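Data file: upload_18.cif. Format and content: mmCIF, C-alpha atoms.
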data_entry
#
loop_
_atom_site.group_PDB
_atom_site.id
_atom_site.type_symbol
_atom_site.label_atom_id
_atom_site.label_comp_id
_atom_site.auth_asym_id
_atom_site.auth_seq_id
_atom_site.Cartn_x
_atom_site.Cartn_y
_atom_site.Cartn_z
ATOM 1 C CA MET A 1 -5.166 -5.509 4.573
ATOM 2 C CA ALA A 2 -6.130 -3.906 1.267
ATOM 3 C CA LEU A 3 -3.892 -1.156 -0.041
ATOM 4 C CA SER A 4 -4.923 1.481 -2.576
ATOM 5 C CA GLY A 5 -1.499 2.710 -3.609
ATOM 6 C CA CYS A 6 -0.716 4.408 -0.320
ATOM 7 C CA VAL A 7 -2.281 3.387 2.963
ATOM 8 C CA ALA A 8 -3.838 6.067 5.118
ATOM 9 C CA SER A 9 -2.267 6.651 8.507
ATOM 10 C CA PRO A 10 -2.284 9.484 11.013
ATOM 11 C CA GLY A 11 0.008 12.348 10.070
ATOM 12 C CA SER A 12 2.593 13.699 12.463
ATOM 13 C CA SER A 13 5.219 16.409 12.407
ATOM 14 C CA ASN A 14 8.704 17.006 13.652
ATOM 15 C CA ALA A 15 8.509 19.137 16.758
ATOM 16 C CA GLY A 16 9.885 22.629 16.533
ATOM 17 C CA SER A 17 9.245 26.347 16.596
ATOM 18 C CA PRO A 18 8.242 28.374 13.542
ATOM 19 C CA ALA A 19 10.929 29.972 11.424
ATOM 20 C CA ASP A 20 10.381 32.703 8.845
ATOM 21 C CA THR A 21 12.783 33.116 5.965
ATOM 22 C CA GLY A 22 12.013 35.033 2.845
ATOM 23 C CA SER A 23 13.483 36.328 -0.372
ATOM 24 C CA SER A 24 12.899 39.223 -2.709
ATOM 25 C CA ALA A 25 10.120 38.984 -5.301
ATOM 26 C CA PRO A 26 11.455 36.850 -8.184
ATOM 27 C CA GLU A 27 10.365 36.474 -11.805
ATOM 28 C CA PRO A 28 8.329 33.416 -12.849
ATOM 29 C CA PRO A 29 10.427 30.336 -13.733
ATOM 30 C CA LYS A 30 10.982 29.306 -17.334
ATOM 31 C CA PRO A 31 9.006 26.292 -18.610
ATOM 32 C CA SER A 32 10.550 22.894 -17.914
ATOM 33 C CA ALA A 33 11.490 20.308 -20.520
ATOM 34 C CA PRO A 34 8.628 18.214 -21.991
ATOM 35 C CA LEU A 35 7.370 15.501 -19.687
ATOM 36 C CA GLY A 36 8.895 12.123 -20.407
ATOM 37 C CA SER A 37 12.098 13.631 -21.787
ATOM 38 C CA PRO A 38 15.456 13.198 -20.024
ATOM 39 C CA PRO A 39 15.348 15.351 -16.884
ATOM 40 C CA ALA A 40 17.215 18.627 -16.800
ATOM 41 C CA ALA A 41 17.907 20.891 -13.874
ATOM 42 C CA PRO A 42 14.760 22.995 -13.378
ATOM 43 C CA SER A 43 14.881 26.727 -13.783
ATOM 44 C CA ALA A 44 14.919 28.392 -10.379
ATOM 45 C CA PRO A 45 13.001 31.613 -9.892
ATOM 46 C CA SER A 46 15.282 34.616 -9.683
ATOM 47 C CA GLY A 47 15.875 35.435 -6.045
ATOM 48 C CA TRP A 48 15.605 31.766 -5.060
ATOM 49 C CA ASN A 49 17.264 31.078 -1.702
ATOM 50 C CA PRO A 50 19.197 27.775 -1.961
ATOM 51 C CA ARG A 51 19.684 27.616 1.816
ATOM 52 C CA PRO A 52 16.272 28.014 3.473
ATOM 53 C CA ALA A 53 16.363 28.037 7.264
ATOM 54 C CA SER A 54 13.397 25.678 7.754
ATOM 55 C CA VAL A 55 11.566 22.988 5.774
ATOM 56 C CA ALA A 56 8.012 21.634 5.814
ATOM 57 C CA ALA A 57 6.737 18.684 3.777
ATOM 58 C CA VAL A 58 3.197 18.170 2.510
ATOM 59 C CA GLY A 59 1.727 15.411 0.386
ATOM 60 C CA ASP A 60 1.360 11.655 0.624
ATOM 61 C CA SER A 61 3.064 8.436 1.710
ATOM 62 C CA ILE A 62 6.191 9.076 -0.354
ATOM 63 C CA SER A 63 7.061 11.940 1.991
ATOM 64 C CA ARG A 64 6.043 9.816 5.001
ATOM 65 C CA ALA A 65 8.425 7.015 3.878
ATOM 66 C CA PHE A 66 5.608 4.481 4.160
ATOM 67 C CA ASP A 67 6.855 0.850 4.010
ATOM 68 C CA ALA A 68 10.477 2.015 3.911
ATOM 69 C CA CYS A 69 11.474 0.622 7.329
ATOM 70 C CA THR A 70 8.775 -1.833 8.400
ATOM 71 C CA VAL A 71 5.670 -3.275 6.770
ATOM 72 C CA LEU A 72 2.499 -1.135 6.617
ATOM 73 C CA THR A 73 4.062 1.633 8.709
ATOM 74 C CA ASP A 74 5.135 5.213 8.165
ATOM 75 C CA CYS A 75 8.835 5.840 8.766
ATOM 76 C CA PRO A 76 9.126 9.651 8.769
ATOM 77 C CA GLU A 77 12.693 9.496 10.022
ATOM 78 C CA ALA A 78 13.538 8.037 6.582
ATOM 79 C CA SER A 79 11.619 10.689 4.636
ATOM 80 C CA TRP A 80 13.509 12.163 1.693
ATOM 81 C CA ALA A 81 12.184 15.609 2.661
ATOM 82 C CA THR A 82 12.474 15.952 6.446
ATOM 83 C CA GLY A 83 13.932 12.705 7.764
ATOM 84 C CA SER A 84 16.695 12.407 10.350
ATOM 85 C CA ASP A 85 18.119 9.051 9.154
ATOM 86 C CA ALA A 86 21.718 9.542 8.012
ATOM 87 C CA ARG A 87 21.325 6.726 5.469
ATOM 88 C CA VAL A 88 18.806 8.840 3.596
ATOM 89 C CA ASN A 89 20.491 12.197 4.248
ATOM 90 C CA SER A 90 17.246 14.036 3.625
ATOM 91 C CA LEU A 91 16.875 17.447 2.068
ATOM 92 C CA ALA A 92 16.256 18.974 5.500
ATOM 93 C CA LEU A 93 19.210 17.168 7.043
ATOM 94 C CA ARG A 94 21.533 18.517 4.349
ATOM 95 C CA LEU A 95 20.152 22.039 4.584
ATOM 96 C CA LEU A 96 19.637 22.355 8.349
ATOM 97 C CA GLY A 97 21.838 19.747 10.038
ATOM 98 C CA ALA A 98 20.587 17.326 12.680
ATOM 99 C CA PRO A 99 19.654 19.977 15.284
ATOM 100 C CA GLY A 100 17.811 21.946 12.629
ATOM 101 C CA VAL A 101 15.795 18.916 11.518
ATOM 102 C CA ALA A 102 14.552 18.472 15.084
ATOM 103 C CA GLU A 103 13.767 22.147 15.609
ATOM 104 C CA ARG A 104 12.926 23.588 12.194
ATOM 105 C CA SER A 105 11.321 20.909 10.037
ATOM 106 C CA TRP A 106 7.756 19.616 9.955
ATOM 107 C CA ASN A 107 6.361 16.592 8.114
ATOM 108 C CA LEU A 108 2.675 17.315 7.505
ATOM 109 C CA ALA A 109 2.137 14.749 4.749
ATOM 110 C CA ARG A 110 -0.297 11.859 5.242
ATOM 111 C CA SER A 111 -0.127 8.390 3.759
ATOM 112 C CA GLY A 112 -3.106 7.900 1.502
ATOM 113 C CA ALA A 113 -3.618 11.618 0.832
ATOM 114 C CA ARG A 114 -4.885 12.784 -2.540
ATOM 115 C CA ALA A 115 -4.620 16.266 -4.004
ATOM 116 C CA ALA A 116 -7.937 17.319 -2.475
ATOM 117 C CA GLU A 117 -6.254 17.212 0.955
ATOM 118 C CA LEU A 118 -3.369 19.418 -0.121
ATOM 119 C CA PRO A 119 -4.971 22.806 0.708
ATOM 120 C CA GLU A 120 -5.536 21.780 4.328
ATOM 121 C CA GLN A 121 -1.991 20.457 4.664
ATOM 122 C CA MET A 122 -0.581 23.616 3.080
ATOM 123 C CA ALA A 123 -2.548 25.812 5.460
ATOM 124 C CA ARG A 124 -0.968 23.931 8.367
ATOM 125 C CA ALA A 125 2.460 24.373 6.797
ATOM 126 C CA ALA A 126 1.859 28.110 6.389
ATOM 127 C CA GLY A 127 1.325 28.357 10.133
ATOM 128 C CA HIS A 128 4.998 27.479 10.632
ATOM 129 C CA ARG A 129 6.127 30.083 8.055
ATOM 130 C CA PRO A 130 8.833 27.747 6.710
ATOM 131 C CA GLY A 131 11.579 28.860 4.375
ATOM 132 C CA LEU A 132 10.689 25.978 2.034
ATOM 133 C CA VAL A 133 7.711 23.657 1.548
ATOM 134 C CA THR A 134 8.134 20.425 -0.422
ATOM 135 C CA VAL A 135 5.094 19.073 -2.283
ATOM 136 C CA THR A 136 4.724 15.456 -3.407
ATOM 137 C CA VAL A 137 1.197 14.504 -4.434
ATOM 138 C CA GLY A 138 -0.649 12.741 -7.241
ATOM 139 C CA ALA A 139 0.203 9.045 -6.958
ATOM 140 C CA ASN A 140 -2.941 8.326 -4.951
ATOM 141 C CA ASP A 141 -5.055 10.292 -7.420
ATOM 142 C CA ALA A 142 -3.951 7.864 -10.125
ATOM 143 C CA CYS A 143 -3.816 4.781 -7.881
ATOM 144 C CA ARG A 144 -7.494 3.980 -7.612
ATOM 145 C CA PRO A 145 -9.414 0.680 -7.814
ATOM 146 C CA THR A 146 -10.063 1.382 -11.509
ATOM 147 C CA PRO A 147 -8.925 4.060 -13.984
ATOM 148 C CA ALA A 148 -12.479 5.421 -14.080
ATOM 149 C CA LEU A 149 -12.083 6.492 -10.436
ATOM 150 C CA MET A 150 -8.895 8.491 -10.971
ATOM 151 C CA THR A 151 -9.113 12.150 -9.967
ATOM 152 C CA PRO A 152 -10.072 14.301 -12.964
ATOM 153 C CA VAL A 153 -7.199 16.480 -14.122
ATOM 154 C CA ALA A 154 -9.241 19.665 -13.707
ATOM 155 C CA ASP A 155 -10.015 18.800 -10.081
ATOM 156 C CA PHE A 156 -6.376 17.942 -9.433
ATOM 157 C CA ARG A 157 -5.269 21.288 -10.841
ATOM 158 C CA VAL A 158 -7.767 23.225 -8.738
ATOM 159 C CA SER A 159 -6.575 21.475 -5.574
ATOM 160 C CA VAL A 160 -2.950 22.412 -6.256
ATOM 161 C CA GLU A 161 -3.892 26.007 -7.117
ATOM 162 C CA THR A 162 -5.936 26.280 -3.937
ATOM 163 C CA ALA A 163 -3.092 24.849 -1.865
ATOM 164 C CA LEU A 164 -0.627 27.459 -3.134
ATOM 165 C CA ALA A 165 -3.184 30.199 -2.566
ATOM 166 C CA ARG A 166 -3.648 29.034 1.030
ATOM 167 C CA LEU A 167 0.102 29.157 1.562
ATOM 168 C CA ARG A 168 0.367 32.664 0.148
ATOM 169 C CA GLU A 169 -2.365 33.948 2.454
ATOM 170 C CA ASP A 170 -0.311 33.350 5.603
ATOM 171 C CA SER A 171 3.262 32.838 4.411
ATOM 172 C CA PRO A 172 3.863 34.789 1.189
ATOM 173 C CA ALA A 173 7.657 34.535 1.366
ATOM 174 C CA THR A 174 7.818 30.720 1.610
ATOM 175 C CA GLN A 175 9.491 28.951 -1.309
ATOM 176 C CA VAL A 176 7.910 25.814 -2.757
ATOM 177 C CA TYR A 177 9.612 22.774 -4.291
ATOM 178 C CA VAL A 178 7.222 20.527 -6.258
ATOM 179 C CA THR A 179 8.208 17.002 -7.268
ATOM 180 C CA SER A 180 6.730 15.249 -10.275
ATOM 181 C CA VAL A 181 4.564 12.153 -9.811
ATOM 182 C CA PRO A 182 6.596 8.948 -10.366
ATOM 183 C CA ASP A 183 6.085 6.957 -13.559
ATOM 184 C CA LEU A 184 3.763 4.265 -12.173
ATOM 185 C CA LYS A 185 4.021 2.155 -15.312
ATOM 186 C CA ARG A 186 7.784 1.985 -14.919
ATOM 187 C CA LEU A 187 7.288 0.845 -11.317
ATOM 188 C CA TRP A 188 5.043 -1.941 -12.639
ATOM 189 C CA ALA A 189 7.684 -2.922 -15.189
ATOM 190 C CA THR A 190 10.382 -2.990 -12.505
ATOM 191 C CA GLY A 191 8.486 -5.067 -9.942
ATOM 192 C CA ARG A 192 6.461 -7.439 -12.106
ATOM 193 C CA ASP A 193 9.342 -9.878 -12.665
ATOM 194 C CA ASN A 194 9.667 -10.538 -8.945
ATOM 195 C CA PRO A 195 7.131 -13.202 -7.865
ATOM 196 C CA ALA A 196 6.957 -11.740 -4.354
ATOM 197 C CA SER A 197 5.441 -8.545 -5.705
ATOM 198 C CA HIS A 198 2.415 -10.309 -7.149
ATOM 199 C CA ASP A 199 1.172 -11.572 -3.794
ATOM 200 C CA VAL A 200 1.306 -8.059 -2.345
ATOM 201 C CA TRP A 201 -0.129 -6.316 -5.395
ATOM 202 C CA ARG A 202 -3.147 -8.642 -5.304
ATOM 203 C CA LEU A 203 -4.091 -6.980 -2.003
ATOM 204 C CA GLY A 204 -4.968 -3.872 -3.969
ATOM 205 C CA VAL A 205 -1.742 -1.852 -4.183
ATOM 206 C CA CYS A 206 -2.419 0.734 -6.913
ATOM 207 C CA ALA A 207 -4.922 -1.574 -8.594
ATOM 208 C CA SER A 208 -5.498 0.766 -11.533
ATOM 209 C CA MET A 209 -1.900 0.063 -12.610
ATOM 210 C CA LEU A 210 -0.770 -3.080 -10.784
ATOM 211 C CA ALA A 211 -3.794 -5.380 -10.965
ATOM 212 C CA ALA A 212 -3.107 -8.601 -12.932
ATOM 213 C CA PRO A 213 0.572 -7.716 -13.374
ATOM 214 C CA ASP A 214 1.224 -10.634 -15.751
ATOM 215 C CA ASP A 215 -1.656 -9.767 -18.069
ATOM 216 C CA LEU A 216 -0.156 -8.385 -21.279
ATOM 217 C CA GLY A 217 -3.423 -8.432 -23.212
ATOM 218 C CA ALA A 218 -4.746 -5.419 -25.073
ATOM 219 C CA ALA A 219 -7.251 -4.413 -22.399
ATOM 220 C CA ALA A 220 -4.650 -4.536 -19.612
ATOM 221 C CA GLU A 221 -2.183 -2.541 -21.679
ATOM 222 C CA ARG A 222 -4.853 0.092 -22.411
ATOM 223 C CA ARG A 223 -5.602 0.294 -18.692
ATOM 224 C CA ARG A 224 -1.947 0.865 -17.815
ATOM 225 C CA ALA A 225 -1.537 3.377 -20.622
ATOM 226 C CA ALA A 226 -4.544 5.333 -19.347
ATOM 227 C CA VAL A 227 -3.023 5.533 -15.859
ATOM 228 C CA ARG A 228 0.322 6.660 -17.228
ATOM 229 C CA GLU A 229 -1.362 9.301 -19.375
ATOM 230 C CA ARG A 230 -3.161 10.601 -16.308
ATOM 231 C CA VAL A 231 0.128 10.831 -14.395
ATOM 232 C CA VAL A 232 1.635 12.796 -17.288
ATOM 233 C CA ALA A 233 -1.369 15.131 -17.180
ATOM 234 C CA TYR A 234 -0.992 15.596 -13.420
ATOM 235 C CA ASN A 235 2.657 16.492 -13.916
ATOM 236 C CA GLN A 236 1.685 19.015 -16.581
ATOM 237 C CA ALA A 237 -0.736 20.577 -14.101
ATOM 238 C CA LEU A 238 1.934 20.681 -11.382
ATOM 239 C CA ARG A 239 4.376 22.313 -13.765
ATOM 240 C CA ASP A 240 1.866 24.894 -14.997
ATOM 241 C CA VAL A 241 0.581 25.870 -11.553
ATOM 242 C CA CYS A 242 4.107 26.124 -10.163
ATOM 243 C CA ALA A 243 5.244 28.269 -13.107
ATOM 244 C CA ARG A 244 2.616 30.874 -12.187
ATOM 245 C CA ASP A 245 3.847 31.156 -8.599
ATOM 246 C CA ARG A 246 6.802 33.486 -8.184
ATOM 247 C CA ARG A 247 8.479 31.401 -5.485
ATOM 248 C CA CYS A 248 7.870 27.889 -6.815
ATOM 249 C CA MET A 249 10.293 25.416 -8.418
ATOM 250 C CA TYR A 250 9.071 22.294 -10.256
ATOM 251 C CA ASP A 251 11.572 19.430 -10.480
ATOM 252 C CA GLY A 252 11.512 19.380 -14.282
ATOM 253 C CA GLY A 253 10.138 15.829 -14.348
ATOM 254 C CA ALA A 254 13.150 14.421 -12.494
ATOM 255 C CA VAL A 255 11.185 12.032 -10.250
ATOM 256 C CA PHE A 256 8.941 10.937 -13.125
ATOM 257 C CA ASN A 257 12.017 10.131 -15.199
ATOM 258 C CA TYR A 258 14.000 8.458 -12.411
ATOM 259 C CA ARG A 259 14.413 4.715 -13.000
ATOM 260 C CA PHE A 260 13.741 3.100 -9.641
ATOM 261 C CA GLY A 261 15.500 -0.281 -9.492
ATOM 262 C CA GLU A 262 14.507 -3.140 -7.203
ATOM 263 C CA SER A 263 16.797 -1.865 -4.455
ATOM 264 C CA GLN A 264 14.984 1.481 -4.518
ATOM 265 C CA LEU A 265 11.560 -0.164 -3.954
ATOM 266 C CA SER A 266 10.134 -1.342 -0.642
ATOM 267 C CA PRO A 267 10.729 -5.070 -0.063
ATOM 268 C CA TRP A 268 7.245 -5.238 1.469
ATOM 269 C CA ASP A 269 5.146 -3.782 -1.346
ATOM 270 C CA TRP A 270 7.450 -3.316 -4.373
ATOM 271 C CA PHE A 271 5.856 0.061 -4.905
ATOM 272 C CA HIS A 272 6.844 2.674 -2.326
ATOM 273 C CA PRO A 273 10.464 3.879 -2.158
ATOM 274 C CA SER A 274 12.768 1.900 0.109
ATOM 275 C CA VAL A 275 15.325 3.606 2.337
ATOM 276 C CA ASP A 276 17.642 3.626 -0.670
ATOM 277 C CA GLY A 277 14.855 5.002 -2.852
ATOM 278 C CA GLN A 278 14.218 7.753 -0.331
ATOM 279 C CA ALA A 279 17.927 8.594 -0.453
ATOM 280 C CA ARG A 280 17.749 8.911 -4.239
ATOM 281 C CA LEU A 281 14.784 11.291 -3.931
ATOM 282 C CA ALA A 282 16.763 13.337 -1.410
ATOM 283 C CA ASP A 283 19.670 13.514 -3.869
ATOM 284 C CA ILE A 284 17.407 14.795 -6.635
ATOM 285 C CA ALA A 285 15.799 17.408 -4.407
ATOM 286 C CA TYR A 286 19.053 18.683 -2.955
ATOM 287 C CA ARG A 287 20.650 19.039 -6.390
ATOM 288 C CA ASN A 288 17.667 21.001 -7.655
ATOM 289 C CA VAL A 289 17.154 23.235 -4.618
ATOM 290 C CA THR A 290 20.842 24.142 -4.378
ATOM 291 C CA ALA A 291 21.772 24.029 -8.086
ATOM 292 C CA PRO A 292 24.397 26.477 -9.378
ATOM 293 C CA GLY A 293 22.658 29.654 -10.375
ATOM 294 C CA THR A 294 20.030 29.422 -7.629
ATOM 295 C CA ARG A 295 21.159 32.441 -5.671
ATOM 296 C CA ALA A 296 19.149 34.787 -3.480
#
Starting from the file, lay out its structure as structure tokens.
Amino acid sequence: MALSGCVASPGSSNAGSPADTGSSAPEPPKPSAPLGSPPAAPSAPSGWNPRPASVAAVGDSISRAFDACTVLTDCPEASWATGSDARVNSLALRLLGAPGVAERSWNLARSGARAAELPEQMARAAGHRPGLVTVTVGANDACRPTPALMTPVADFRVSVETALARLREDSPATQVYVTSVPDLKRLWATGRDNPASHDVWRLGVCASMLAAPDDLGAAAERRRAAVRERVVAYNQALRDVCARDRRCMYDGGAVFNYRFGESQLSPWDWFHPSVDGQARLADIAYRNVTAPGTRA
């Protein structure tokens, strides 16, 4: 079965009733540190509520915990954003508790989704009027069969802008937490020394970055550099769009800068986060969303 970074699968959500939590109108957040620099705690908008009463997740397979539990399968219970698995201790589990996860969290992400799908997902999230929406998107826009097929940065930016506009139409008080796109070149560097990864990557996992993983020639290095540069540009777009929304927090490049080790990568594809990797993403998100100084 060929994989293009993240495999498409039907989306599903945690059952529950809508919850509406809001906050007063805050000022725009300060710019984050330059991309690629050591991560710092992001600046929270003034009026940020560090304890939202409900959580929705939109985006791609990272939020669906694809390949975290079993091969070629979503494992939403292990999602860093809305999962119920105590080993991960997801953002929603920490904020809402187990009963709250079942009743007041919704996972609307879809494995394989690119940024163009984000407006539709965000419109569905707005229907629940959640206190917080998490956004993780961009890996599939860079993970294409070739670098030439990567989503143009301008198109990516428009999709994110449209998604936030759709949210504001129906749920203006919802807060948004946006994660940076992981450093795909670092994932290549981490997994390439394990022979098992090569057999899986040859099936087409993020071919723009992971094809011919042992090829260190000039052309292959230019290809990988082009993908990494595109990821950096996507993160710049995420940061800029979020900074213009008065209830949006960007993670400051924390996920991009996080050094996933082998234990944080799926043992089935050496690309998606494992259960342990999902737990690390949950740690990052919880620290940022509830950081000292983020007070309603």
Surrounding residues of Ala212 of chain A excluding itself and chain neighbours under 4 positions, 9 Å, only C-alpha atoms, as number ranges by chain: A: 198, 201-202, 207, 216, 220
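Residues matched by the PyMOL selection byres ((chain A and resi 168) around 12) in this file are Pro119, Met122, Ala123, Ala125, Ala126, Gly127, Arg129, Pro130, Val133, Glu161, Thr162, Ala163, Leu164, Ala165, Arg166, Leu167, Glu169, Asp170, Ser171, Pro172, Ala173, Thr174, Gln175, Val176, Asp245, Arg246, Arg247 and Cys248 of chain A.
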If you count all atoms listed in the file, which residues fall within 12 Å of Val101 of chain A, apart from same-chain ones fewer than 3 positions away, as a ChimeraX atom specification? /A:13-17,53-57,76-77,79,81-86,89-98,104-107
Which one is closest to Pro213 of chain A: A:Asp60, A:Ala78, A:Glu229, A:Gly191? Count all atoms listed in the file.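 Between A:Asp60, A:Ala78, A:Glu229, A:Gly191, the residue approaching Pro213 of chain A most closely is A:Gly191.
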Residue with smallest distance to Tyr250 of chain A - pool A:Val275, A:Val178, A:Ala189, A:Ile284, counting only C-alpha atoms: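 Using only C-alpha atoms, Tyr250 of chain A sits closest to A:Val178.
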For a test of reading the model, state the distance in Å between atom CA of Arg186 of chain A and atom CA of Phe260 of chain A, rounded to one decimal.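 Between atom CA of Arg186 of chain A and atom CA of Phe260 of chain A the gap works out to 8.0 Å.
The interatomic distance for the pair atom CA of Ala226 of chain A and atom CA of Leu203 of chain A works out to 21.3 Å.
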Would you work out the distance separating atom CA of Leu238 of chain A from atom CA of Arg192 of chain A, expressed in Å to one decimal?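 Computing the Euclidean distance for atom CA of Leu238 of chain A and atom CA of Arg192 of chain A yields 28.5 Å.
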Would you kindly translate the PyMOL selection byres ((chain A and resi 114) around 9) into the concrete residues it picks from this file, as a compact mmCIF listing (two decimals) with C-alpha atoms, in the frame of the given file?
# COMPACT_ATOMS: atom_id res chain seq x y z
CA GLY A 59 1.73 15.41 0.39
CA ASP A 60 1.36 11.66 0.62
CA GLY A 112 -3.11 7.90 1.50
CA ALA A 113 -3.62 11.62 0.83
CA ALA A 115 -4.62 16.27 -4.00
CA ALA A 116 -7.94 17.32 -2.48
CA GLU A 117 -6.25 17.21 0.96
CA LEU A 118 -3.37 19.42 -0.12
CA VAL A 137 1.20 14.50 -4.43
CA GLY A 138 -0.65 12.74 -7.24
CA ALA A 139 0.20 9.04 -6.96
CA ASN A 140 -2.94 8.33 -4.95
CA ASP A 141 -5.06 10.29 -7.42
CA THR A 151 -9.11 12.15 -9.97
CA PHE A 156 -6.38 17.94 -9.43
Using only the atoms of segment 106-117 of chain A listed in the file, plus 4 Å on each side, state the axis-aligned box centre and edge lengths in Å rounded to one decimal, as AutoDock Vina command-line options.
--center_x -0.1 --center_y 13.8 --center_z 3.0 --size_x 23.7 --size_y 19.7 --size_z 22.0
So which residues get picked by the PyMOL selection byres ((chain A and resi 256) around 7) here, written as a PDB file with C-alpha atoms, in the frame of the given file?
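Printed below is expr24.pdb as written:
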ATOM      1  CA  SER A 180       6.730  15.249 -10.275  1.00  0.00           C
ATOM      2  CA  VAL A 181       4.564  12.153  -9.811  1.00  0.00           C
ATOM      3  CA  PRO A 182       6.596   8.948 -10.366  1.00  0.00           C
ATOM      4  CA  ASP A 183       6.085   6.957 -13.559  1.00  0.00           C
ATOM      5  CA  GLY A 253      10.138  15.829 -14.348  1.00  0.00           C
ATOM      6  CA  ALA A 254      13.150  14.421 -12.494  1.00  0.00           C
ATOM      7  CA  VAL A 255      11.185  12.032 -10.250  1.00  0.00           C
ATOM      8  CA  ASN A 257      12.017  10.131 -15.199  1.00  0.00           C
ATOM      9  CA  TYR A 258      14.000   8.458 -12.411  1.00  0.00           C
TER      10      TYR A 258
END
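Counting all atoms listed in the file and comparing A:Glu221, A:Asp155, A:Asp199, A:Asp74, the residue that lies closest to Ala237 of chain A is A:Asp155.
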From A:Ala109, A:Val160, A:Ala44, A:Leu72, residue lying nearest Tyr234 of chain A [only C-alpha atoms]: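 Distance minimum relative to Tyr234 of chain A lands on A:Val160.
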Can you work out which one of A:Leu108, A:Ala291, A:Ala142, A:Val88 has the shortest atom-to-atom distance to Ala225 of chain A, counting all atoms listed in the file?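 The shortest atom-to-atom distance to Ala225 of chain A comes from A:Ala142.
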Judged by all atoms listed in the file, the minimum distance to Cys242 of chain A among A:Ala65, A:Tyr177, A:Lys185, A:Val200 is found for A:Tyr177
Using only C-alpha atoms, can you list as a PDB file with C-alpha atoms, in the frame of the given file the residues within 8 Å of (18.1, 9.7, 0.0)?
ATOM      1  CA  TRP A  80      13.509  12.163   1.693  1.00  0.00           C
ATOM      2  CA  ARG A  87      21.325   6.726   5.469  1.00  0.00           C
ATOM      3  CA  VAL A  88      18.806   8.840   3.596  1.00  0.00           C
ATOM      4  CA  ASN A  89      20.491  12.197   4.248  1.00  0.00           C
ATOM      5  CA  SER A  90      17.246  14.036   3.625  1.00  0.00           C
ATOM      6  CA  VAL A 275      15.325   3.606   2.337  1.00  0.00           C
ATOM      7  CA  ASP A 276      17.642   3.626  -0.670  1.00  0.00           C
ATOM      8  CA  GLY A 277      14.855   5.002  -2.852  1.00  0.00           C
ATOM      9  CA  GLN A 278      14.218   7.753  -0.331  1.00  0.00           C
ATOM     10  CA  ALA A 279      17.927   8.594  -0.453  1.00  0.00           C
ATOM     11  CA  ARG A 280      17.749   8.911  -4.239  1.00  0.00           C
ATOM     12  CA  LEU A 281      14.784  11.291  -3.931  1.00  0.00           C
ATOM     13  CA  ALA A 282      16.763  13.337  -1.410  1.00  0.00           C
ATOM     14  CA  ASP A 283      19.670  13.514  -3.869  1.00  0.00           C
TER      15      ASP A 283
END
